[in-house]
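These notes are about the structure you will find just below.
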Amino acid sequence: ANCWVSLLLFRLRAMSGKVVSKEVKDARRKIKAERFKRGVNLVKKVKALRNAQAVRQRQAKKEGNLLLAPKDRVAVCIRIRGTHDMAPKPKSILKLLRLNSLMSCSFVRLTPATEGMLQRVGPYIAYGYPSVETVRKLIYKRGFAKVQGQRL
């Protein structure tokens with residue numbers, strides 16, 4: 001008797017999905033278009049910033065000055081060693097950096113505190129400053145966001 005009830009519930013859910021599906025599809029299509037526009041605008045902003053930086057660099061070179069590049073604000077950290085024979089302090093720093101397992105990766109906002117942490121756990125991690133393309137590839141392939149504690 002139990003399998004008949006579950007089959008009925010399955011069919012009811014399928015039928016209700018077909019009734020609402022057009023509205024849901026339209027809403028999803030709108031959301032997708034908005035996200036795409038947001039992404040296009042971001043790419044335009046990044047290109048404009050790069051062009052402005054290149055212009056400033058050329059201008060400084062022309063005048064005989066040296067232009068310092070803006071400091072990076074985000075680093076990508078990858079854990080490359082396990083916990084065998086590791087002191088307690090680096091272990092706790094790796095937890096703070098959300099690098100709990102081998103070959104795990106996380107984005108870290110660079111502040112004086114986090115730069116000190118990265119130096120302290122240097123032998124156990126590899127880190128660098130990502131380009132926009134690298135960030136995009138990582139997020140598309142492996143990324144997720146947490147909203148109210150739920151993984152999306």
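Each chain in the structure tokens gets a letter, A, B, ..., in the order shown, and its residues are numbered from 1; ligands are numbered from 1 in order too.
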
Next on the checklist: Applying 7 Å and only C-alpha atoms, which residues near stretch 79-91 of chain A remain after dropping the ones on its own chain fewer than 5 positions away? List them as a PyMOL selection string.
Outcome noted: chain A and resi 99+102-105+120-121+124-126

How would the residues just picked look written out with C-alpha atoms as a PDB file, in the first residue's frame?
ATOM      1  CA  LEU A  99      42.190  25.008   4.285  1.00  0.00           C
ATOM      2  CA  LEU A 102      44.961  18.578   1.248  1.00  0.00           C
ATOM      3  CA  MET A 103      44.524  20.312  -2.139  1.00  0.00           C
ATOM      4  CA  SER A 104      41.711  22.489  -0.823  1.00  0.00           C
ATOM      5  CA  CYS A 105      41.565  26.051  -2.078  1.00  0.00           C
ATOM      6  CA  ARG A 120      53.557  31.651   8.983  1.00  0.00           C
ATOM      7  CA  VAL A 121      52.022  28.717   7.050  1.00  0.00           C
ATOM      8  CA  TYR A 124      52.246  24.153   3.890  1.00  0.00           C
ATOM      9  CA  ILE A 125      50.458  26.247   1.237  1.00  0.00           C
ATOM     10  CA  ALA A 126      50.933  27.739  -2.195  1.00  0.00           C
TER      11      ALA A 126
END

Checklist entry - Near A:Phe107, counting only C-alpha atoms, which residues have an atom at most 8 Å away, once you skip same-chain residues fewer than 2 positions from it, shown as a list in words? => result Val74, Ala75, Val76, Cys77, Cys105 and Arg109 of chain A

Next on the checklist: Taking the DSSP secondary structure from the backbone, can you list the residues of chain A that are helix (DSSP H, G or I), as a VMD selection string?
Outcome noted: chain A and resid 2 to 63 88 to 96 112 to 120 122 to 124 132 to 142

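Nearest residue to A:Leu67 among A:Val55, A:Lys45, A:Phe144, A:Ala33 is A:Val55, counting only C-alpha atoms.
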
Next on the checklist: Give me, as a ChimeraX atom specification, the residues of stretch 69-132 of chain A that a backbone DSSP run labels strand (DSSP E or B).
Outcome noted: /A:74-79,105-109,125-128

Expected file contents, prior selection, N, CA, C and O atoms, as a CSV table (one decimal), in the first residue's frame:
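See out38.csv below for the written result:
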chain,number,residue,atom,x,y,z
A,74,VAL,N,43.2,40.3,-2.9
A,74,VAL,CA,42.7,38.9,-2.7
A,74,VAL,C,43.8,38.0,-3.2
A,74,VAL,O,44.5,38.2,-4.1
A,75,ALA,N,43.9,36.9,-2.4
A,75,ALA,CA,44.9,35.8,-2.7
A,75,ALA,C,44.1,34.5,-2.8
A,75,ALA,O,43.1,34.3,-2.1
A,76,VAL,N,44.6,33.6,-3.7
A,76,VAL,CA,44.1,32.3,-3.7
A,76,VAL,C,45.1,31.4,-3.0
A,76,VAL,O,46.3,31.4,-3.4
A,77,CYS,N,44.7,30.6,-2.0
A,77,CYS,CA,45.6,29.7,-1.3
A,77,CYS,C,45.2,28.3,-1.5
A,77,CYS,O,44.0,28.0,-1.5
A,78,ILE,N,46.2,27.4,-1.7
A,78,ILE,CA,46.0,26.0,-1.9
A,78,ILE,C,46.9,25.3,-0.9
A,78,ILE,O,48.1,25.6,-0.8
A,79,ARG,N,46.3,24.4,-0.2
A,79,ARG,CA,47.1,23.6,0.8
A,79,ARG,C,47.8,22.5,0.0
A,79,ARG,O,47.2,21.7,-0.7
A,105,CYS,N,41.2,24.7,-1.6
A,105,CYS,CA,41.6,26.1,-2.1
A,105,CYS,C,40.6,27.0,-1.5
A,105,CYS,O,39.4,26.7,-1.3
A,106,SER,N,41.0,28.3,-1.2
A,106,SER,CA,40.1,29.3,-0.7
A,106,SER,C,40.6,30.7,-1.1
A,106,SER,O,41.8,30.8,-1.3
A,107,PHE,N,39.7,31.6,-1.2
A,107,PHE,CA,40.1,33.0,-1.5
A,107,PHE,C,40.3,33.6,-0.1
A,107,PHE,O,39.5,33.4,0.8
A,108,VAL,N,41.3,34.5,0.0
A,108,VAL,CA,41.6,35.1,1.3
A,108,VAL,C,41.8,36.6,1.0
A,108,VAL,O,42.5,37.0,0.1
A,109,ARG,N,41.0,37.4,1.7
A,109,ARG,CA,41.2,38.9,1.6
A,109,ARG,C,42.5,39.3,2.3
A,109,ARG,O,42.8,38.9,3.4
A,125,ILE,N,51.4,25.8,2.3
A,125,ILE,CA,50.5,26.2,1.2
A,125,ILE,C,51.2,26.8,0.0
A,125,ILE,O,52.4,27.1,0.1
A,126,ALA,N,50.5,27.0,-1.0
A,126,ALA,CA,50.9,27.7,-2.2
A,126,ALA,C,49.9,28.8,-2.4
A,126,ALA,O,48.7,28.6,-2.3
A,127,TYR,N,50.3,30.0,-2.6
A,127,TYR,CA,49.3,31.1,-2.8
A,127,TYR,C,49.8,32.1,-3.8
A,127,TYR,O,51.0,32.2,-4.1
A,128,GLY,N,48.9,32.8,-4.4
A,128,GLY,CA,49.2,33.8,-5.5
A,128,GLY,C,48.0,34.7,-5.6
A,128,GLY,O,47.0,34.6,-4.9

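Of note, atom CA of A:Gly39 and atom CA of A:Lys137 are spaced 13.3 Å apart.
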
Checklist entry - Leaving out A:Thr111 and any residue of its chain fewer than 3 positions from it, which residues lie within 8 Å of it when counting only C-alpha atoms, given as a list in words? => result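 With the cut-off at 8 Å, the set is Arg73, Thr114 and Glu115 of chain A.
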
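Nearest-residue note for A:Val46: choosing from A:Ser131, A:Gln119, A:Asn100, A:Asn65, the minimum distance belongs to A:Ser131, counting only C-alpha atoms.
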
Checklist entry - By how many Å are atom CA of A:Leu110 and atom CA of A:Leu96 apart? => result 13.5 Å
